[in-house]
Amino acid sequence: MLTRLAGGHIVDPANGRDGVGDVWFRDGRLVAPPENGRPDETYDVAGMIVMAGAIDIHSHIAGSNENLGRLLLPEQRYAAFEHAGHVTTAKGAWTTAETGRLYAAMGFTTVVEPAVLPEHALHAHLELADIPIIDKATLTVLGNDDFLLNLLRRREGGEAVRDYIAWTLATSRALGIKVINAGGAAAFKDNVRSFSLDDVVPEYGISSRAIFKALQKAVHELRLPHPLHLHCNNLGIPGNVETALATIQAAEGLPLHLAHLQFYGYGKEGPRGFSSAAARLADAVNAAKHLTIDVGQVMFGQTVTISADVLRQFNARNGARPKKWIILDGDSNGAGIVPYAYRANDFYNAVQWAAGLELFLLINDPWRVFFTTDHPNGAPFTAYPDILALLLDRSLRAEWMTKLPKEAIEVTTLPSIGREYTLNEIAIMTRAAPARLLGLRDRGHLAAGAIADIAVYAPFKDKAAMFRNAAFVFKSGELVVRNGNVLHQPFGRTLNVHPARGRAIERRMRDYYENRYGLSPDFMTVADLAIGRPDPFETVPCLS
Amino acid sequence: MAGAWIRDKPATLEAATKEAAKLLQASRMPLIAGLGTDVAGARAAIALAQQIGAVIDHMHSAALLRDLDVMRESGMMITTPNEARLRGDLLLLVGAGLVETWPEISARLFEKSSVLNSRRIVWLCPSNGNTEAHSDIETIGNNPRNLPVMLAALRARCAGHAVRNDTPDLRKIDALASELPQARFGVAVWSAAENDALTIEMLCGLVKDLNATTRFSGLPLAPGNDAAAVQQVSGWMTGFPVRTGFGRGDPEHDPWRFDGVRLVDTGEADCALWISAYHPMAPPWKREVPIIALTNGLDCFDRPPAVAISVGQPGTDHDSVEYLAATGTLAFSRVTSRANVMSVADAIGGIAATLPVPSPC
Ligand SMILES: [Zn+2]
């Protein structure tokens with residue numbers, strides 16, 4: 001069937017389009033306007049904004065840790081998420097089905113779950129398989145695992161690390177590799193309570209810096225499309241901007257993605273010894289062209305922080321709101337689940353909110369700054385429309401600031417920033433750039449050949465309302481959302497990479513698991529047959 | 001054994017499926033209970049509950065909820081079986097039921113690990129016979145009813161507080177209290193099947209306290225019949241553990257209201273789909289309601305259920321994803337030659353397909 005979206009305002013930065021025109025698609029793919037072709041159906045989208053489906057590169061939507069969060073917080077299921085006066089109708093994007101529906105209603109069609117522990121990969125993929133409509137991908141977490149730390153201690157060199165990464169990706173069916181407070185979870189098992197870039201994991205004598213750099217280099221050499229995805233040390237601590245700046249320095253020009261950078265944008269200035277250092281961080285990001293970052297914007301309201309940075313979560317446990325928390329020492333990383341309510345009248349939370357917006361607005365290349373709340377850590381993803389509205393409208397930001405503690409805003413640069421995002425920049429940040437960062441050539445744009453993942457928004461004066469309920473969303477050419485209502489719930493697929501690896505690694509991993517754990521490593525393998533849906537995976541090519 | 005019955009008469013699978021759908025459709029308040037099944041079976045059962053507005057409950061909900069109640073009241077520090085095995089230089093085993101809940105516990109935890117030089121094991125109030133083969137395990141106490149008091153005393157002593165002189169086994173508890181903070185990575189192990197909530201709460205509090213100065217964690221053992229996997233599936237599909245109802249559309253969770261046995265015995269539930277795929281087992285309630293049984297054969301029933309469809313054992317008769325006690329994860333097991341049996345997911349899929357499709361809301 002040939003479909004035409006007629007007369008919309010096409011915002012497709014990957015192909016340099018920003019004006020009125022048509023979009024055509026057939027059998028799930030975009031096609032060039034056929035010469036005297038007649039569409040089987042036409043949607044009149046005149047006056048509406050037409051973009052590719054949005055792509056979220058970092059949102060904790062599935063897996064054993066998220067599920068522990070659900071079990072810890074049954075009350076969260078009932079809580080409407082409140083954000084500075086707005087109450088969304090979403091009853092907590094808390095189940096797999098709701099996750100898919102709510103993402104789709106906003107025009108998102110691909111989402112990356114960024115923290116899957118290898119031993120829980122099957123669990124994560126089972127949850128992802130139950131999330132309807134959207135396509136998914138995972139990043140597998142390494143950097144606190146005994147096998148890798150031993151390779152580094154023995155200085156086994158690049159090939160061994162590359163083979164191990166390739167084996168892990170194949171076993172866990174991931175699109176890339178993330179490292180979370182490299183060495184920190186392993187050190188915490190040895191009763192270490194703080195862990196920075198040059199601290200050393202006691203049992204192994206390897207520094208956090210050495211771990212992340214070995215992984216960064218190996219990921220680069222394996223030609224994985226997505227660079228190493230790094231969650232730095234010292235998350236959330238006053239003065240941690242120094243850690244982030246040192247980490248940027250340490251990258252030495254190789255590609256690197258820094259996750260939820262807002263949580264590292266803190267200085268020690270001001271009357272409370274806590275200030276936004278986002279402006280300094282933005283300068284450093286602007287200068288480091290090999291670097292990409294996502295923000296991890298904080299919004300006010302109840303949420304739950306779910307992180308494999310078990311050391312950080314242990315240190316944050318006494319701030320739990322409500323007062324209950326889970327700390328899990330896992331086989332490698334583990335997890336900390338600490339509920340939290342960001343409050344508009346809380347000095348620290350207001351600084352965090354402002355620091356995130358400063359990063360969005362002061363990093364001048366929209367191709368290198370990514371749109372996230374680190375769901376659910378900074379805010380649930382249902383807050384996205386409100387954040388987009390803040391980026392598009394400086395008077396809205398000014399209005400919010402009047403409701404926040406004055407002394408908090410004074411330790412930020414936010415009031416001095418006049419920039420407003422254009423729709424073209426929004427489309428870069430949420431479509432074109434994520435597709436490029438993840439190596440998804442047929443997504444994030446509207447040229448012929450791309451998957452017909454399309455979001456159409458009706459122009460409202462209230463920009464948050466506009467982005468919350470898309471007028472039309474097509475997933476692989478199928479109309480799945482109309483005026484924010486989900487019409488169909490097809491199941492998408494999960495994207496993964498398969499870099500080549502040496503043959504010896506199979507034997508080696510088998511021996512290692514049998515010696516260390518008395519187990520075969522097969523329990524970690526994510527088989528297609530285990531997923532329970534037809535054709536659950538799609539392979540993304542490595543870079544040539 | 002493959003087979004299907006309506007009452008005690010052998011029936012075709014098709015006829016039994018139709019009869020089951022008819023009973024569920026006629027029900028005002030259907031219950032899906034037992035839930036002794038794998039991930040695929042749990043997914044199908046919960047989807048069916050959603051479709052027909054049923055309540056879901058597991059045969060081991062009581063144990064699941066004892067751990068969960070402590071967790072969602074104040075949280076918990078926990079670790080994995082592998083970390084306990086590799087790193088646990090002091091294992092504090094608590095109460096009865098450990099070997100019964102996890103038969104491999106001796107091989108997995110009591111032996112020396114490949115990494116540790118030595119391991120100390122102390123067992124508070126073990127069940128009879130559990131420690132016989134292990135002379136190096138020190139036991140303290142033998143009356144499980146004393147456990148909450150003993151743990152309270154242990155926790156108080158660890159915190160440097162005084163305790164009552166008549167606390168059972170006080171000398172040994174004092175010695176243990178001075179030993180626990182010396183552990184490098186201690187692990188407390190318990191089974192909620194045999195311990196009450198007070199014991200679990202006290203133990204989890206003790207573990208948290210010990211982390212003020214050293215590392216200590218907990219290892220709750222999961223009850224059988226794949227309860228842990230079903231709990232996980234329920235978590236992601238409904239946002240809640242089992243004992244969740246769909247009677248009003250959106251899922252609601254209430255451990256008392258949606259207790260399956262209570263629902264049948266009070267007459268609230270008027271039809272039950274009973275699932276026990278790991279071994280033939282009849283439901284524990286007393287009142288009679290029409291039962292659709294997914295288990296193996298009819299022998300376990302005093303009175304034949306309204307409908308019965310034989311199902312195979314997950315991981316033995318057909319491929320399955322189940323909770324693996326050795327790793328504490330969901331894992332896939334491939335069966336090389338599939339037996340000629342239905343899986344729970346197949347059986348429920350057939351029933352669901354026979355029901356009228358609910359109109360989209
Ligand atoms: Zn994250």
# chains A, B, ... in the order shown; residues from 1 in each chain; ligands from 1

$ residues_around --residues "His290 (chain A)" --least-positions-apart "5" --cutoff "8 Å" --atoms "only C-alpha atoms" --output "MDAnalysis selection string"
chainID A and resid 253:256

$ write_last_selection --atoms "N, CA, C and O atoms" --output "PDB file, in the first residue's frame"
ATOM      1  N   GLY A 253      40.746  12.123  22.682  1.00  0.00           N
ATOM      2  CA  GLY A 253      40.394  12.217  21.269  1.00  0.00           C
ATOM      3  C   GLY A 253      39.691  11.012  20.676  1.00  0.00           C
ATOM      4  O   GLY A 253      39.241  11.061  19.540  1.00  0.00           O
ATOM      5  N   LEU A 254      39.569   9.918  21.431  1.00  0.00           N
ATOM      6  CA  LEU A 254      38.801   8.772  20.917  1.00  0.00           C
ATOM      7  C   LEU A 254      37.323   8.996  21.215  1.00  0.00           C
ATOM      8  O   LEU A 254      36.975   9.626  22.207  1.00  0.00           O
ATOM      9  N   PRO A 255      36.438   8.455  20.378  1.00  0.00           N
ATOM     10  CA  PRO A 255      35.007   8.635  20.634  1.00  0.00           C
ATOM     11  C   PRO A 255      34.618   8.110  22.015  1.00  0.00           C
ATOM     12  O   PRO A 255      35.112   7.063  22.459  1.00  0.00           O
ATOM     13  N   LEU A 256      33.734   8.856  22.668  1.00  0.00           N
ATOM     14  CA  LEU A 256      33.264   8.480  24.002  1.00  0.00           C
ATOM     15  C   LEU A 256      31.915   9.147  24.214  1.00  0.00           C
ATOM     16  O   LEU A 256      31.725  10.297  23.838  1.00  0.00           O
TER      17      LEU A 256
END

$ residues_near_ligand --ligand "ligand 1" --cutoff "9 Å" --atoms "only C-alpha atoms and all ligand atoms" --output "PyMOL selection string"
chain A and resi 58-60+113-115+180+231+259-260+296+306-308+373-377

$ closest_atom_pairs --of "chain B" --to "chain A" --cutoff "8 Å" --atoms "only C-alpha atoms" --output "JSON lines"
{"residue": "B:Ala40", "atom": "CA", "partner": "A:Gly532", "partner_atom": "CA", "distance": 7.1}
{"residue": "B:Leu68", "atom": "CA", "partner": "A:Leu71", "partner_atom": "CA", "distance": 7.6}
{"residue": "B:Met71", "atom": "CA", "partner": "A:Leu72", "partner_atom": "CA", "distance": 6.4}
{"residue": "B:Arg72", "atom": "CA", "partner": "A:Leu72", "partner_atom": "CA", "distance": 4.8}
{"residue": "B:Glu73", "atom": "CA", "partner": "A:Lys324", "partner_atom": "CA", "distance": 6.7}
{"residue": "B:Ser74", "atom": "CA", "partner": "A:Lys324", "partner_atom": "CA", "distance": 4.3}
{"residue": "B:Gly75", "atom": "CA", "partner": "A:Trp325", "partner_atom": "CA", "distance": 4.4}
{"residue": "B:Met76", "atom": "CA", "partner": "A:Ile326", "partner_atom": "CA", "distance": 4.9}
{"residue": "B:Met77", "atom": "CA", "partner": "A:Ile327", "partner_atom": "CA", "distance": 4.7}
{"residue": "B:Ile78", "atom": "CA", "partner": "A:Leu328", "partner_atom": "CA", "distance": 4.9}
{"residue": "B:Thr79", "atom": "CA", "partner": "A:Asp329", "partner_atom": "CA", "distance": 4.7}
{"residue": "B:Thr80", "atom": "CA", "partner": "A:Gly330", "partner_atom": "CA", "distance": 5.8}
{"residue": "B:Asn82", "atom": "CA", "partner": "A:Asp331", "partner_atom": "CA", "distance": 6.5}
{"residue": "B:Glu83", "atom": "CA", "partner": "A:Asp331", "partner_atom": "CA", "distance": 5.9}
{"residue": "B:Leu86", "atom": "CA", "partner": "A:Tyr517", "partner_atom": "CA", "distance": 7.8}
{"residue": "B:Ser114", "atom": "CA", "partner": "A:Arg516", "partner_atom": "CA", "distance": 6.1}
{"residue": "B:Val115", "atom": "CA", "partner": "A:Arg516", "partner_atom": "CA", "distance": 7.7}
{"residue": "B:Arg184", "atom": "CA", "partner": "A:Asp190", "partner_atom": "CA", "distance": 7.2}
{"residue": "B:Phe185", "atom": "CA", "partner": "A:Lys189", "partner_atom": "CA", "distance": 7.1}
{"residue": "B:Thr214", "atom": "CA", "partner": "A:Asn191", "partner_atom": "CA", "distance": 6.1}
{"residue": "B:Arg215", "atom": "CA", "partner": "A:Asn191", "partner_atom": "CA", "distance": 5.8}
{"residue": "B:Ser217", "atom": "CA", "partner": "A:Asp329", "partner_atom": "CA", "distance": 7.7}
{"residue": "B:Gln232", "atom": "CA", "partner": "A:Asn67", "partner_atom": "CA", "distance": 6.9}
{"residue": "B:Gly235", "atom": "CA", "partner": "A:Asn67", "partner_atom": "CA", "distance": 6.0}
{"residue": "B:Trp236", "atom": "CA", "partner": "A:Thr95", "partner_atom": "CA", "distance": 5.2}
{"residue": "B:Met237", "atom": "CA", "partner": "A:Thr95", "partner_atom": "CA", "distance": 5.4}
{"residue": "B:Thr238", "atom": "CA", "partner": "A:Thr95", "partner_atom": "CA", "distance": 5.7}
{"residue": "B:Gly239", "atom": "CA", "partner": "A:Thr95", "partner_atom": "CA", "distance": 5.2}
{"residue": "B:Phe240", "atom": "CA", "partner": "A:Pro74", "partner_atom": "CA", "distance": 6.1}
{"residue": "B:Pro241", "atom": "CA", "partner": "A:Leu71", "partner_atom": "CA", "distance": 6.5}
{"residue": "B:Ser320", "atom": "CA", "partner": "A:Ala530", "partner_atom": "CA", "distance": 7.2}
{"residue": "B:Val321", "atom": "CA", "partner": "A:Ala530", "partner_atom": "CA", "distance": 6.5}
{"residue": "B:Thr329", "atom": "CA", "partner": "A:His120", "partner_atom": "CA", "distance": 6.1}
{"residue": "B:Leu330", "atom": "CA", "partner": "A:His123", "partner_atom": "CA", "distance": 5.8}
{"residue": "B:Ala331", "atom": "CA", "partner": "A:Phe523", "partner_atom": "CA", "distance": 5.3}
{"residue": "B:Phe332", "atom": "CA", "partner": "A:Ala530", "partner_atom": "CA", "distance": 6.0}

$ write_last_selection --atoms "C-alpha atoms" --output "JSON list (two decimals), in the first residue's frame"
[["chain", "number", "residue", "atom", "x", "y", "z"],
["B", 40, "ALA", "CA", 5.77, -18.46, 28.97],
["B", 68, "LEU", "CA", 8.40, -8.72, 49.73],
["B", 71, "MET", "CA", 11.43, -5.25, 51.23],
["B", 72, "ARG", "CA", 8.69, -2.77, 50.49],
["B", 73, "GLU", "CA", 8.41, -1.72, 54.11],
["B", 74, "SER", "CA", 12.05, -0.77, 54.60],
["B", 75, "GLY", "CA", 14.17, -2.21, 51.79],
["B", 76, "MET", "CA", 16.85, -4.85, 51.78],
["B", 77, "MET", "CA", 20.47, -5.58, 51.04],
["B", 78, "ILE", "CA", 20.82, -8.67, 48.92],
["B", 79, "THR", "CA", 23.38, -10.50, 46.85],
["B", 80, "THR", "CA", 23.56, -13.35, 44.36],
["B", 82, "ASN", "CA", 27.42, -16.72, 43.03],
["B", 83, "GLU", "CA", 28.72, -13.88, 45.19],
["B", 86, "LEU", "CA", 32.71, -16.89, 45.96],
["B", 114, "SER", "CA", 37.64, -21.44, 44.30],
["B", 115, "VAL", "CA", 38.44, -17.96, 45.61],
["B", 184, "ARG", "CA", 34.85, -9.19, 55.09],
["B", 185, "PHE", "CA", 31.77, -10.10, 53.08],
["B", 214, "THR", "CA", 31.92, -3.85, 56.98],
["B", 215, "ARG", "CA", 30.26, -5.58, 54.06],
["B", 217, "SER", "CA", 24.46, -8.89, 52.47],
["B", 232, "GLN", "CA", 9.09, -11.31, 37.87],
["B", 235, "GLY", "CA", 6.09, -7.38, 38.03],
["B", 236, "TRP", "CA", 6.74, -6.31, 34.47],
["B", 237, "MET", "CA", 3.28, -7.07, 33.08],
["B", 238, "THR", "CA", 1.22, -5.54, 35.90],
["B", 239, "GLY", "CA", 3.63, -3.40, 37.95],
["B", 240, "PHE", "CA", 2.74, -5.63, 40.91],
["B", 241, "PRO", "CA", 3.61, -9.01, 42.40],
["B", 320, "SER", "CA", 11.28, -23.16, 28.98],
["B", 321, "VAL", "CA", 12.59, -20.05, 30.67],
["B", 329, "THR", "CA", 18.47, -15.27, 37.15],
["B", 330, "LEU", "CA", 15.98, -16.26, 34.48],
["B", 331, "ALA", "CA", 17.55, -18.81, 32.17],
["B", 332, "PHE", "CA", 16.51, -20.78, 29.10]]

$ residues_around --residues "region 94-110 of chain B" --least-positions-apart "2" --cutoff "7 Å" --atoms "only C-alpha atoms" --output "PyMOL selection string"
chain B and resi 85+92+112+123-127+130+144+189-191+193-195+221+223-224

$ write_last_selection --atoms "all heavy atoms" --output "short mmCIF file (atom, residue, chain, number, x, y, z; two decimals), in the first residue's frame"
data_model
loop_
_atom_site.label_atom_id
_atom_site.label_comp_id
_atom_site.auth_asym_id
_atom_site.auth_seq_id
_atom_site.Cartn_x
_atom_site.Cartn_y
_atom_site.Cartn_z
N ARG B 85 28.72 -17.58 47.23
CA ARG B 85 29.61 -18.74 47.10
C ARG B 85 31.07 -18.32 47.01
O ARG B 85 31.95 -18.90 47.63
CB ARG B 85 29.18 -19.49 45.84
CG ARG B 85 30.07 -20.59 45.37
CD ARG B 85 29.51 -21.09 44.03
NE ARG B 85 30.55 -21.68 43.21
CZ ARG B 85 30.81 -22.99 43.21
NH1 ARG B 85 30.12 -23.78 43.99
NH2 ARG B 85 31.75 -23.47 42.44
N LEU B 92 25.77 -16.73 57.49
CA LEU B 92 24.86 -16.81 58.62
C LEU B 92 23.56 -17.42 58.08
O LEU B 92 22.77 -16.74 57.41
CB LEU B 92 24.61 -15.40 59.18
CG LEU B 92 23.61 -15.29 60.33
CD1 LEU B 92 24.10 -16.07 61.56
CD2 LEU B 92 23.36 -13.83 60.69
N LYS B 112 34.10 -25.32 50.04
CA LYS B 112 35.03 -24.20 49.89
C LYS B 112 34.88 -23.64 48.47
O LYS B 112 34.62 -24.37 47.54
CB LYS B 112 36.46 -24.68 50.09
CG LYS B 112 36.73 -25.18 51.50
CD LYS B 112 37.57 -24.18 52.27
CE LYS B 112 37.87 -24.65 53.67
NZ LYS B 112 36.80 -25.25 54.44
N TRP B 123 24.79 -21.54 61.81
CA TRP B 123 23.38 -21.78 61.45
C TRP B 123 22.50 -21.60 62.69
O TRP B 123 22.62 -22.33 63.66
CB TRP B 123 23.21 -23.19 60.87
CG TRP B 123 21.96 -23.39 60.08
CD1 TRP B 123 20.76 -22.76 60.22
CD2 TRP B 123 21.80 -24.30 58.97
NE1 TRP B 123 19.86 -23.20 59.29
CE2 TRP B 123 20.47 -24.14 58.51
CE3 TRP B 123 22.65 -25.23 58.33
CZ2 TRP B 123 19.97 -24.89 57.43
CZ3 TRP B 123 22.14 -25.97 57.27
CH2 TRP B 123 20.82 -25.80 56.82
N LEU B 124 21.63 -20.62 62.64
CA LEU B 124 20.68 -20.40 63.73
C LEU B 124 19.46 -21.28 63.50
O LEU B 124 18.80 -21.17 62.46
CB LEU B 124 20.24 -18.93 63.79
CG LEU B 124 21.31 -17.85 63.89
CD1 LEU B 124 20.65 -16.48 64.04
CD2 LEU B 124 22.23 -18.12 65.07
N CYS B 125 19.17 -22.13 64.48
CA CYS B 125 17.96 -22.95 64.46
C CYS B 125 17.73 -23.69 63.13
O CYS B 125 16.73 -23.47 62.46
CB CYS B 125 16.72 -22.10 64.79
SG CYS B 125 16.85 -21.24 66.34
N PRO B 126 18.65 -24.56 62.75
CA PRO B 126 18.43 -25.33 61.52
C PRO B 126 17.33 -26.36 61.73
O PRO B 126 16.98 -26.68 62.86
CB PRO B 126 19.78 -26.03 61.31
CG PRO B 126 20.39 -26.11 62.66
CD PRO B 126 19.89 -24.93 63.45
N SER B 127 16.77 -26.89 60.61
CA SER B 127 15.85 -28.01 60.80
C SER B 127 16.67 -29.27 61.07
O SER B 127 17.85 -29.33 60.76
CB SER B 127 14.95 -28.21 59.57
OG SER B 127 15.48 -27.64 58.42
N ASN B 130 19.60 -31.10 58.81
CA ASN B 130 20.17 -30.26 57.76
C ASN B 130 21.68 -30.10 57.85
O ASN B 130 22.33 -29.84 56.86
CB ASN B 130 19.53 -28.87 57.77
CG ASN B 130 18.28 -28.79 56.92
OD1 ASN B 130 17.75 -27.75 56.68
ND2 ASN B 130 17.80 -29.94 56.44
N PRO B 144 12.81 -22.82 66.29
CA PRO B 144 12.61 -21.69 65.37
C PRO B 144 11.76 -20.57 65.96
O PRO B 144 11.86 -19.43 65.53
CB PRO B 144 11.92 -22.32 64.16
CG PRO B 144 11.70 -23.74 64.46
CD PRO B 144 12.37 -24.09 65.74
N VAL B 189 21.61 -16.06 54.95
CA VAL B 189 20.81 -16.87 54.02
C VAL B 189 19.54 -17.33 54.74
O VAL B 189 19.63 -17.83 55.86
CB VAL B 189 21.61 -18.10 53.54
CG1 VAL B 189 20.85 -18.85 52.46
CG2 VAL B 189 23.00 -17.69 53.05
N TRP B 190 18.39 -17.15 54.08
CA TRP B 190 17.16 -17.62 54.70
C TRP B 190 16.16 -18.04 53.64
O TRP B 190 16.30 -17.70 52.47
CB TRP B 190 16.56 -16.52 55.59
CG TRP B 190 15.90 -15.40 54.84
CD1 TRP B 190 14.57 -15.31 54.51
CD2 TRP B 190 16.53 -14.21 54.31
NE1 TRP B 190 14.34 -14.13 53.82
CE2 TRP B 190 15.51 -13.44 53.69
CE3 TRP B 190 17.83 -13.72 54.33
CZ2 TRP B 190 15.77 -12.21 53.07
CZ3 TRP B 190 18.09 -12.50 53.71
CH2 TRP B 190 17.07 -11.76 53.09
N SER B 191 15.15 -18.78 54.09
CA SER B 191 14.04 -19.15 53.21
C SER B 191 12.75 -18.64 53.84
O SER B 191 12.43 -18.97 54.97
CB SER B 191 13.98 -20.67 53.09
OG SER B 191 12.68 -21.06 52.66
N ALA B 193 9.95 -19.56 53.18
CA ALA B 193 8.97 -20.63 53.33
C ALA B 193 8.81 -21.02 54.80
O ALA B 193 7.75 -21.41 55.23
CB ALA B 193 9.39 -21.84 52.49
N GLU B 194 9.90 -20.93 55.57
CA GLU B 194 9.87 -21.41 56.95
C GLU B 194 10.07 -20.31 57.99
O GLU B 194 10.06 -20.58 59.17
CB GLU B 194 10.95 -22.48 57.15
CG GLU B 194 10.74 -23.74 56.33
CD GLU B 194 9.55 -24.56 56.82
OE1 GLU B 194 9.16 -24.42 57.99
OE2 GLU B 194 9.01 -25.33 56.01
N ASN B 195 10.34 -19.10 57.57
CA ASN B 195 10.58 -18.03 58.55
C ASN B 195 9.42 -17.04 58.53
O ASN B 195 8.84 -16.78 57.48
CB ASN B 195 11.88 -17.30 58.22
CG ASN B 195 13.09 -18.09 58.68
OD1 ASN B 195 13.18 -18.48 59.84
ND2 ASN B 195 14.01 -18.34 57.76
N LEU B 221 16.23 -17.24 49.71
CA LEU B 221 16.05 -18.36 48.79
C LEU B 221 14.62 -18.35 48.26
O LEU B 221 13.67 -18.17 49.02
CB LEU B 221 16.36 -19.68 49.49
CG LEU B 221 17.76 -19.79 50.10
CD1 LEU B 221 17.96 -21.20 50.67
CD2 LEU B 221 18.86 -19.45 49.10
N PRO B 223 11.11 -19.67 46.83
CA PRO B 223 10.30 -20.88 46.93
C PRO B 223 10.20 -21.59 45.58
O PRO B 223 10.53 -21.03 44.55
CB PRO B 223 8.94 -20.37 47.39
CG PRO B 223 8.93 -18.91 47.17
CD PRO B 223 10.35 -18.46 47.08
N GLY B 224 9.72 -22.82 45.58
CA GLY B 224 9.70 -23.65 44.38
C GLY B 224 8.57 -23.32 43.43
O GLY B 224 7.95 -22.26 43.50
#

$ select_by_dssp --residues "region 112-211 of chain A" --states "helix (DSSP H, G or I)" --output "ChimeraX atom specification"
/A:118-129,146-153,158-172,184-189,208-211

$ select_by_dssp --residues "region 64-216 of chain A" --states "strand (DSSP E)" --output "ChimeraX atom specification"
/A:82-83,86-87,108-116,135-142,176-180,200-201,206-207

$ residues_around --residues "Gly53 (chain B)" --least-positions-apart "2" --cutoff "7 Å" --atoms "only C-alpha atoms" --output "MDAnalysis selection string"
chainID B and resid 49:51 55 246:247 249

$ atom_distance --atom1 "CA of Thr17 (chain B)" --atom2 "CA of Gly350 (chain B)"
6.5 Å
